[in-house]
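Novice: Next comes upload10.cif, mmCIF, C-alpha atoms and all ligand atoms:
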```
data_upload
#
loop_
_atom_site.label_atom_id
_atom_site.label_comp_id
_atom_site.auth_asym_id
_atom_site.auth_seq_id
_atom_site.Cartn_x
_atom_site.Cartn_y
_atom_site.Cartn_z
CA MET S 16 118.89 110.49 97.67
CA GLU S 17 117.74 112.43 100.71
CA ASP S 18 114.12 113.52 100.45
CA LYS S 19 112.35 114.76 103.54
CA GLY S 20 109.44 116.28 101.67
CA THR S 21 108.31 119.88 101.61
CA LEU S 22 106.21 122.12 103.84
CA TRP S 23 103.10 120.76 102.11
CA LEU S 24 103.90 117.20 101.14
CA PRO S 25 105.81 114.31 102.71
CA GLU S 26 108.79 112.63 101.02
CA ALA S 27 107.91 111.02 97.70
CA ALA S 28 108.97 107.46 96.91
CA SER S 29 106.62 105.91 94.38
CA THR S 30 106.14 106.11 90.61
CA VAL S 31 102.79 107.92 90.91
CA ALA S 32 103.98 110.49 93.46
CA GLY S 33 105.38 112.88 90.83
CA GLU S 34 102.07 113.13 88.99
CA ILE S 35 100.00 113.54 92.17
CA ASP S 36 102.38 116.20 93.52
CA GLY S 37 102.40 118.02 90.17
CA LEU S 38 98.62 118.22 90.24
CA PHE S 39 98.66 119.37 93.86
CA TYR S 40 101.12 122.17 93.12
CA PHE S 41 99.18 123.20 90.01
CA VAL S 42 95.99 123.64 92.08
CA TYR S 43 98.03 125.28 94.81
CA TRP S 44 99.66 127.91 92.56
CA VAL S 45 96.43 128.64 90.65
CA SER S 46 94.79 129.27 94.04
CA VAL S 47 97.65 131.52 95.19
CA VAL S 48 97.59 133.58 91.97
CA LEU S 49 93.78 133.95 92.00
CA PHE S 50 93.73 134.82 95.70
CA VAL S 51 96.34 137.53 95.31
CA LEU S 52 94.60 138.87 92.21
CA VAL S 53 91.10 138.96 93.74
CA VAL S 54 92.17 140.40 97.10
CA GLY S 55 94.52 142.89 95.40
CA VAL S 56 91.81 144.22 93.07
CA MET S 57 89.31 144.29 95.95
CA VAL S 58 91.60 146.39 98.17
CA TYR S 59 92.54 148.68 95.26
CA PHE S 60 88.87 149.33 94.38
CA ALA S 61 87.86 149.80 98.04
CA VAL S 62 90.43 152.57 98.34
CA LYS S 63 89.97 154.09 94.91
CA TYR S 64 86.17 154.23 95.02
CA ARG S 65 85.68 155.02 98.70
CA ARG S 66 83.04 157.67 99.45
CA ARG S 67 84.73 160.93 100.35
CA SER S 68 81.68 163.09 101.13
CA GLN S 69 77.88 162.96 101.20
CA ALA S 70 77.73 164.33 97.66
CA ASP S 71 80.28 161.79 96.41
CA ARG S 72 78.21 159.26 94.46
CA PRO S 73 79.84 156.72 92.14
CA SER S 74 78.73 156.81 88.54
CA PRO S 75 76.94 153.65 87.32
CA VAL S 76 79.10 150.80 85.99
CA HIS S 77 78.33 149.39 82.55
CA GLU S 78 78.91 145.82 81.53
CA SER S 79 81.98 144.72 79.63
CA LYS S 80 81.36 141.82 77.25
CA LEU S 81 85.07 141.08 77.04
CA MET S 82 85.55 140.80 80.83
CA GLU S 83 82.42 138.68 81.19
CA ALA S 84 83.69 136.28 78.56
CA ALA S 85 87.11 136.18 80.27
CA TRP S 86 85.79 135.18 83.67
CA ILE S 87 83.68 132.44 82.15
CA VAL S 88 86.30 131.01 79.79
CA VAL S 89 89.40 131.14 82.03
CA PRO S 90 87.93 129.28 85.05
CA THR S 91 86.30 126.74 82.72
CA ILE S 92 89.66 125.94 81.16
CA LEU S 93 91.29 125.67 84.59
CA VAL S 94 88.58 123.32 85.86
CA LEU S 95 88.85 121.12 82.74
CA VAL S 96 92.64 120.94 83.08
CA VAL S 97 92.36 119.87 86.74
CA PHE S 98 89.61 117.37 85.93
CA THR S 99 91.49 115.74 83.04
CA TRP S 100 94.76 115.62 84.96
CA GLY S 101 93.04 114.28 88.11
CA PHE S 102 90.98 111.70 86.24
CA LYS S 103 94.03 110.34 84.44
CA ALA S 104 95.93 110.07 87.73
CA PHE S 105 92.88 108.43 89.34
CA LEU S 106 92.71 105.77 86.63
CA LYS S 107 96.43 105.12 86.97
CA LEU S 108 96.02 104.66 90.74
CA GLU S 109 93.00 102.39 90.31
CA VAL S 110 94.38 99.94 87.78
CA ALA S 111 97.44 97.93 88.76
CA PRO S 112 99.86 97.18 85.92
CA PRO S 113 99.55 93.60 84.64
CA GLY S 114 101.95 91.23 86.36
CA ALA S 115 102.01 93.19 89.61
CA TYR S 116 103.30 91.21 92.59
CA GLU S 117 100.36 90.48 94.87
CA VAL S 118 100.49 90.67 98.67
CA ARG S 119 97.50 89.91 100.92
CA VAL S 120 96.77 92.46 103.64
CA TYR S 121 94.77 91.50 106.72
CA ALA S 122 93.62 94.41 108.88
CA GLN S 123 92.17 93.99 112.34
CA LYS S 124 91.90 95.97 115.54
CA TRP S 125 94.71 97.12 115.79
CA SER S 126 97.37 95.61 113.64
CA TRP S 127 98.31 94.78 110.06
CA ARG S 128 99.37 91.41 108.74
CA PHE S 129 100.89 90.84 105.34
CA GLU S 130 100.92 87.48 103.57
CA TYR S 131 103.16 86.72 100.59
CA PRO S 132 102.53 84.31 97.74
CA ASN S 133 104.84 81.66 99.24
CA GLY S 134 102.88 81.66 102.53
CA ALA S 135 105.31 83.77 104.56
CA THR S 136 103.65 86.42 106.73
CA SER S 137 104.88 89.52 108.55
CA SER S 138 103.59 92.48 110.53
CA ASP S 139 105.64 94.94 108.44
CA LEU S 140 105.22 95.02 104.68
CA HIS S 141 108.36 94.00 102.77
CA VAL S 142 108.49 94.74 99.03
CA PRO S 143 111.14 94.68 96.31
CA VAL S 144 112.14 98.06 94.88
CA GLY S 145 111.15 99.02 91.32
CA ARG S 146 108.39 96.46 90.96
CA PRO S 147 104.62 97.09 90.93
CA ILE S 148 103.02 95.68 94.08
CA ARG S 149 99.29 95.07 94.30
CA LEU S 150 97.77 94.75 97.76
CA LYS S 151 94.59 92.70 98.14
CA MET S 152 93.11 93.85 101.41
CA SER S 153 90.34 92.86 103.79
CA SER S 154 89.43 93.47 107.40
CA ALA S 155 88.56 90.96 110.12
CA ASP S 156 86.33 93.39 112.00
CA VAL S 157 85.61 97.08 111.27
CA LEU S 158 86.60 99.65 108.63
CA HIS S 159 90.29 100.46 108.47
CA SER S 160 92.25 102.40 105.87
CA PHE S 161 95.69 101.69 104.46
CA PHE S 162 97.76 104.83 103.98
CA VAL S 163 101.39 105.29 102.96
CA PRO S 164 101.99 109.05 102.63
CA ALA S 165 105.34 108.59 100.84
CA PHE S 166 103.64 106.55 98.10
CA ARG S 167 100.58 108.85 97.87
CA VAL S 168 98.24 105.86 98.18
CA LYS S 169 95.32 105.45 100.55
CA GLN S 170 92.51 102.92 100.40
CA ASP S 171 89.77 101.84 102.80
CA VAL S 172 89.95 98.26 104.04
CA LEU S 173 86.54 96.67 104.58
CA PRO S 174 85.15 93.59 106.26
CA ASN S 175 83.38 91.09 103.95
CA ARG S 176 84.91 92.33 100.71
CA TYR S 177 88.27 92.96 99.07
CA THR S 178 89.70 96.32 98.18
CA SER S 179 93.02 96.82 96.50
CA VAL S 180 95.71 99.39 95.97
CA TRP S 181 98.98 99.29 94.09
CA PHE S 182 102.29 101.13 94.09
CA GLU S 183 105.82 100.84 92.83
CA ALA S 184 108.48 102.01 95.28
CA THR S 185 111.31 103.97 93.68
CA ARG S 186 114.02 103.64 96.33
CA GLN S 187 115.15 101.38 99.15
CA ASP S 188 114.12 102.80 102.49
CA THR S 189 111.55 102.32 105.25
CA PHE S 190 108.22 104.12 105.10
CA GLN S 191 105.36 104.54 107.56
CA VAL S 192 101.95 102.91 107.14
CA TYR S 193 99.03 104.51 108.96
CA CYS S 194 95.45 103.47 109.56
CA THR S 195 93.37 106.45 108.46
CA GLU S 196 89.88 105.27 109.35
CA TYR S 197 88.91 105.65 113.00
CA CYS S 198 88.60 102.07 114.26
CA GLY S 199 88.49 102.29 118.03
CA THR S 200 90.74 102.70 121.07
CA SER S 201 94.11 102.05 119.46
CA HIS S 202 93.39 103.42 115.99
CA SER S 203 96.32 105.83 116.29
CA GLY S 204 98.60 102.95 117.23
CA MET S 205 97.63 100.83 114.24
CA LEU S 206 100.95 101.29 112.50
CA ALA S 207 103.27 99.28 110.29
CA LYS S 208 106.32 99.90 108.14
CA VAL S 209 106.92 99.36 104.45
CA VAL S 210 110.44 98.01 104.05
CA VAL S 211 111.58 98.50 100.45
CA GLN S 212 114.43 96.12 99.64
CA SER S 213 116.49 94.93 96.70
CA GLN S 214 115.10 91.83 95.02
CA ASP S 215 117.86 89.70 96.66
CA GLU S 216 117.15 91.01 100.16
CA PHE S 217 113.45 90.49 99.56
CA ASN S 218 114.01 86.88 98.49
CA ASN S 219 115.98 86.28 101.70
CA PHE S 220 113.19 87.82 103.71
CA LEU S 221 110.65 85.53 102.04
CA ALA S 222 112.74 82.48 102.84
CA GLU S 223 113.20 83.50 106.50
CA GLY S 224 109.58 84.56 106.95
CA MET S 225 108.36 81.01 106.62
CA VAL S 226 107.58 79.40 109.95
CA ASP S 227 110.03 76.51 110.19
CA PRO S 228 107.89 73.48 111.04
CA ASP S 229 110.86 71.77 112.70
CA ALA S 230 111.64 74.61 115.12
CA PRO S 231 110.68 74.15 118.81
CA PRO S 232 107.05 75.23 119.50
CA ALA S 233 107.99 78.28 121.58
CA GLU S 234 110.24 79.52 118.77
CA ARG S 235 107.45 79.11 116.21
CA GLY S 236 105.14 80.83 118.71
CA ALA S 237 107.51 83.81 118.96
CA LEU S 238 107.28 84.27 115.20
CA LEU S 239 103.49 83.91 115.24
CA TYR S 240 103.29 86.42 118.12
CA THR S 241 104.52 89.18 115.79
CA GLN S 242 103.16 87.82 112.51
CA LEU S 243 99.60 87.50 113.82
CA GLY S 244 99.85 90.93 115.47
CA CYS S 245 99.40 89.70 119.08
CA ASN S 246 102.19 92.15 119.96
CA ALA S 247 99.92 95.10 119.13
CA CYS S 248 97.96 94.50 122.36
CA HIS S 249 99.94 92.03 124.51
CA ASN S 250 103.48 92.99 125.46
CA VAL S 251 106.05 90.62 126.92
CA ASP S 252 107.95 93.14 129.09
CA GLY S 253 105.22 93.60 131.70
CA ALA S 254 104.66 97.31 130.89
CA ALA S 255 101.30 98.57 132.18
CA GLY S 256 98.67 100.24 130.01
CA GLY S 257 98.46 97.65 127.23
CA ILE S 258 95.17 97.00 125.48
CA GLY S 259 95.31 93.38 126.58
CA PRO S 260 97.05 91.74 129.54
CA THR S 261 100.83 91.40 129.32
CA PHE S 262 102.21 87.93 128.57
CA GLN S 263 104.98 88.39 131.11
CA GLY S 264 104.34 86.14 134.10
CA LEU S 265 100.89 85.31 132.73
CA TYR S 266 101.16 81.55 132.58
CA GLY S 267 100.26 79.84 135.88
CA LYS S 268 98.96 83.07 137.41
CA GLN S 269 95.57 83.49 139.15
CA GLU S 270 93.78 85.97 136.90
CA PRO S 271 90.84 88.02 138.30
CA LEU S 272 87.95 88.25 135.82
CA SER S 273 85.45 91.03 135.24
CA ASP S 274 82.61 88.95 136.73
CA GLY S 275 84.46 88.83 140.07
CA SER S 276 85.67 85.24 139.76
CA THR S 277 89.25 84.10 139.36
CA VAL S 278 90.74 81.70 136.86
CA GLU S 279 94.08 79.94 136.73
CA VAL S 280 95.96 80.67 133.53
CA ASP S 281 96.66 77.24 132.09
CA ASP S 282 96.71 75.66 128.62
CA ASN S 283 92.93 75.35 128.36
CA TYR S 284 92.25 78.90 129.55
CA LEU S 285 94.73 80.28 126.98
CA ARG S 286 93.29 78.11 124.24
CA GLU S 287 89.79 79.32 125.00
CA SER S 288 90.92 82.96 125.20
CA ILE S 289 92.54 82.77 121.76
CA LEU S 290 89.63 80.98 120.07
CA GLU S 291 86.80 82.71 121.97
CA PRO S 292 88.20 86.01 123.19
CA ASN S 293 84.99 87.11 124.90
CA ALA S 294 84.36 83.95 126.90
CA LYS S 295 86.29 85.27 129.92
CA ILE S 296 87.24 88.95 130.24
CA VAL S 297 90.12 89.85 132.52
CA GLN S 298 89.30 92.51 135.11
CA GLY S 299 90.27 96.00 133.97
CA TYR S 300 90.15 95.15 130.25
CA GLY S 301 87.43 95.51 127.62
CA PRO S 302 86.02 92.80 125.32
CA VAL S 303 88.07 94.15 122.40
CA MET S 304 90.07 91.19 121.16
CA PRO S 305 89.04 90.35 117.58
CA ALA S 306 87.62 86.92 116.83
CA ALA S 307 90.25 86.67 114.11
CA TYR S 308 92.11 83.69 115.48
CA THR S 309 89.36 81.09 115.29
CA ASN S 310 91.03 79.41 112.32
CA LEU S 311 94.39 78.79 113.95
CA SER S 312 95.55 75.23 113.56
CA GLU S 313 96.27 72.98 116.56
CA GLU S 314 99.99 73.40 115.82
CA GLU S 315 99.72 77.17 115.84
CA LEU S 316 97.72 77.22 119.08
CA ASN S 317 100.25 74.91 120.67
CA ALA S 318 103.15 77.10 119.51
CA LEU S 319 101.52 80.30 120.82
CA ILE S 320 100.72 78.76 124.20
CA ALA S 321 104.28 77.43 124.46
CA PHE S 322 105.56 80.93 123.69
CA ILE S 323 103.30 82.49 126.37
CA GLN S 324 104.40 79.85 128.85
CA GLU S 325 108.03 80.92 128.34
CA GLN S 326 107.36 84.58 129.22
CA GLN S 327 108.12 84.37 132.94
CU1 LIG G 1 92.44 100.62 111.97
CU2 LIG G 1 92.05 102.94 112.44
#
```
Could you render the structure as structure tokens?
Specialist:
Amino acid sequence: MEDKGTLWLPEAASTVAGEIDGLFYFVYWVSVVLFVLVVGVMVYFAVKYRRRSQADRPSPVHESKLMEAAWIVVPTILVLVVFTWGFKAFLKLEVAPPGAYEVRVYAQKWSWRFEYPNGATSSDLHVPVGRPIRLKMSSADVLHSFFVPAFRVKQDVLPNRYTSVWFEATRQDTFQVYCTEYCGTSHSGMLAKVVVQSQDEFNNFLAEGMVDPDAPPAERGALLYTQLGCNACHNVDGAAGGIGPTFQGLYGKQEPLSDGSTVEVDDNYLRESILEPNAKIVQGYGPVMPAAYTNLSEEELNALIAFIQEQQ
């Protein structure tokens, strides 16, 4: 089913989208009809009752009880319809159906990380089609906001508390996730995808998403590099203009720091930079790396450093 959306709304791919869109179009068409009516009558009266000469005085207008009642009753009904419709949709959006599949969402400057009940993690959200998904979200630093236009869901993501949102995707496709709360330099680049899959494909994804503890460290590090969102700021192709220094050719290099000194990039420097990002700031970069990696295990640190070491 091809659905590229309309002039007003993006493609729709969740169970609540129909209701939200219906309400939007109801408000839209009521506004169009009232606008045309009001402006039409206004123009008609302006022409009909224009003053033609100095002596041309309009006769006084007397009240009409019927018209007065009409313009009180009709808007009141419209407002109550919109309120009832909107409140019902709001409640539906707020309360996840029982038995919804829960995914943890970690937001941080400037990436998303999704964690599944079996412990697998990913930087794009994978979900099975036709099943209610509840996201339990929190932020490691500042306010972010999780927004999937195609699902018509948007929810702020806060530090120090959980917020949640739920949806049920209606077809298999890939949809865009945006951050819709200004969160600093790379706010506009804080993107992810929702990959809606069949239950079988999703199960395979879950199995593959686990970090294999027997894989070589650099291979585990490569997986962590994307799963932890390092790739949002540190590229491995040497391209300039990244938020953090590139990993290409980093290991073993003499790195100039913002205080004018120079440091050799070795295991201990990398370890410190991951655990305490602000201890040493590389020249030309800001102190913007989140302190979100302080809980990495020794194995994870080792794997990441091995991965960085390989990027020559
Ligand atoms: Cu995160 Cu804007």
Novice: So which residues are close to (98.4, 82.1, 126.2), meaning at most 6 Å away in the file's coordinates with only C-alpha atoms counted, and can you show them as a VMD selection string?
Specialist: chain S and resid 285 320 323
Novice: Contacts of range 202-215 of chain S at 8 Å or less, counting only C-alpha atoms, minus same-chain residues fewer than 3 places along, as a PyMOL selection string?
Specialist: chain S and resi 124-127+138-144+184+186-194+196-199+218-219+247
Novice: Looking at only C-alpha atoms and all ligand atoms, which of S:Ser154, S:Ser273, S:Ser137, S:Thr21 is the one that sits closest to ligand LIG 1 (chain G)?
Specialist: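 Ranking S:Ser154, S:Ser273, S:Ser137, S:Thr21 by distance to ligand LIG 1 (chain G), first place goes to S:Ser154.
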Novice: Enumerate, as a PyMOL selection string, the protein, DNA and RNA residues whose atoms approach (80.8, 92.0, 110.2) to within 9 Å, taking into account only C-alpha atoms and the coordinate frame of the file.
Specialist: chain S and resi 155-157+174-175
Novice: So that I can check the surroundings of range 41-52 of chain S, please list as JSON, numbers by chain every protein, DNA and RNA residue that reaches within 10 Å of it, counting all atoms listed in the file and ignoring chain neighbours fewer than 2 positions away.
Specialist: {"S": [23, 35, 36, 37, 38, 39, 54, 55, 56, 57, 93, 94, 96, 97]}
Novice: Please save C-alpha atoms of the selected residues as an mmCIF file, in the coordinates of the input.
Specialist:
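Okay, part33.cif is ready:
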```cif
data_model
loop_
_atom_site.group_PDB
_atom_site.id
_atom_site.type_symbol
_atom_site.label_atom_id
_atom_site.label_comp_id
_atom_site.auth_asym_id
_atom_site.auth_seq_id
_atom_site.Cartn_x
_atom_site.Cartn_y
_atom_site.Cartn_z
ATOM 1 C CA TRP S 23 103.100 120.760 102.110
ATOM 2 C CA ILE S 35 100.000 113.540 92.170
ATOM 3 C CA ASP S 36 102.380 116.200 93.520
ATOM 4 C CA GLY S 37 102.400 118.020 90.170
ATOM 5 C CA LEU S 38 98.620 118.220 90.240
ATOM 6 C CA PHE S 39 98.660 119.370 93.860
ATOM 7 C CA VAL S 54 92.170 140.400 97.100
ATOM 8 C CA GLY S 55 94.520 142.890 95.400
ATOM 9 C CA VAL S 56 91.810 144.220 93.070
ATOM 10 C CA MET S 57 89.310 144.290 95.950
ATOM 11 C CA LEU S 93 91.290 125.670 84.590
ATOM 12 C CA VAL S 94 88.580 123.320 85.860
ATOM 13 C CA VAL S 96 92.640 120.940 83.080
ATOM 14 C CA VAL S 97 92.360 119.870 86.740
#
```
Novice: Go through S:Thr241, S:Ser74, S:Ser201, S:Ser276 and flag the residue nearest Gly256 in chain S, using only C-alpha atoms for the distances.
Specialist: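 Between S:Thr241, S:Ser74, S:Ser201, S:Ser276, the residue approaching Gly256 in chain S most closely is S:Ser201.
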Novice: Counting only C-alpha atoms and all ligand atoms, figure out which residue out of S:Gly236, S:Ala307, S:Asn133, S:Val172 gets nearest to ligand LIG 1 (chain G).
Specialist: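 Nearest to ligand LIG 1 (chain G): S:Val172.
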Novice: In Å, rounded to a single decimal, give me how far CA of Leu221 in chain S is from CA of Ala135 in chain S.
Specialist: 6.2 Å
Novice: Using only C-alpha atoms, determine which residues lie at most 10 Å from Met152 in chain S, disregarding the query and same-chain residues fewer than 6 positions distant; provide the list as number ranges by chain.
Specialist: S: 118-122, 128-129, 160-161, 170-174, 176-180
Novice: Which residue, S:Thr200, S:Asn293, S:Ser68, S:Thr99, has the smallest gap to ligand LIG 1 (chain G) when you use all atoms listed in the file?
Specialist: S:Thr200
Novice: Working from the structure I just supplied, which lacks atoms in range 276-297 of chain S, can you model N, CA and C atoms there and output them as a compact mmCIF listing (two decimals), in the coordinates of the input?
Specialist:
```
# COMPACT_ATOMS: atom_id res chain seq x y z
N SER S 276 85.04 86.53 139.49
CA SER S 276 85.67 85.24 139.76
C SER S 276 87.15 85.28 139.38
N THR S 277 87.82 84.18 139.65
CA THR S 277 89.25 84.10 139.36
C THR S 277 89.50 82.82 138.57
N VAL S 278 90.45 82.87 137.64
CA VAL S 278 90.74 81.70 136.86
C VAL S 278 92.26 81.47 136.86
N GLU S 279 92.66 80.20 136.83
CA GLU S 279 94.08 79.94 136.73
C GLU S 279 94.46 79.91 135.25
N VAL S 280 95.53 80.62 134.92
CA VAL S 280 95.96 80.67 133.53
C VAL S 280 96.71 79.38 133.19
N ASP S 281 96.02 78.48 132.53
CA ASP S 281 96.66 77.24 132.09
C ASP S 281 96.43 77.05 130.60
N ASP S 282 96.82 75.91 130.06
CA ASP S 282 96.71 75.66 128.62
C ASP S 282 95.28 75.85 128.11
N ASN S 283 94.31 75.29 128.85
CA ASN S 283 92.93 75.35 128.36
C ASN S 283 92.35 76.75 128.42
N TYR S 284 92.71 77.51 129.48
CA TYR S 284 92.25 78.90 129.55
C TYR S 284 92.82 79.70 128.38
N LEU S 285 94.10 79.53 128.09
CA LEU S 285 94.73 80.28 126.98
C LEU S 285 94.11 79.89 125.65
N ARG S 286 93.89 78.59 125.48
CA ARG S 286 93.29 78.11 124.24
C ARG S 286 91.91 78.74 124.03
N GLU S 287 91.12 78.74 125.10
CA GLU S 287 89.79 79.32 125.00
C GLU S 287 89.88 80.82 124.72
N SER S 288 90.82 81.51 125.37
CA SER S 288 90.92 82.96 125.20
C SER S 288 91.36 83.35 123.79
N ILE S 289 92.12 82.47 123.14
CA ILE S 289 92.54 82.77 121.76
C ILE S 289 91.37 82.50 120.80
N LEU S 290 90.69 81.37 121.00
CA LEU S 290 89.63 80.98 120.07
C LEU S 290 88.32 81.73 120.31
N GLU S 291 88.04 82.00 121.61
CA GLU S 291 86.80 82.71 121.97
C GLU S 291 87.16 83.85 122.91
N PRO S 292 87.63 84.94 122.36
CA PRO S 292 88.20 86.01 123.19
C PRO S 292 87.23 86.57 124.24
N ASN S 293 85.93 86.49 123.98
CA ASN S 293 84.99 87.11 124.90
C ASN S 293 84.42 86.15 125.95
N ALA S 294 84.89 84.92 125.95
CA ALA S 294 84.36 83.95 126.90
C ALA S 294 84.67 84.36 128.34
N LYS S 295 85.90 84.80 128.58
CA LYS S 295 86.29 85.27 129.92
C LYS S 295 87.07 86.57 129.75
N ILE S 296 86.57 87.65 130.36
CA ILE S 296 87.24 88.95 130.24
C ILE S 296 88.01 89.25 131.52
N VAL S 297 89.28 89.55 131.36
CA VAL S 297 90.12 89.85 132.52
C VAL S 297 89.72 91.22 133.08
```
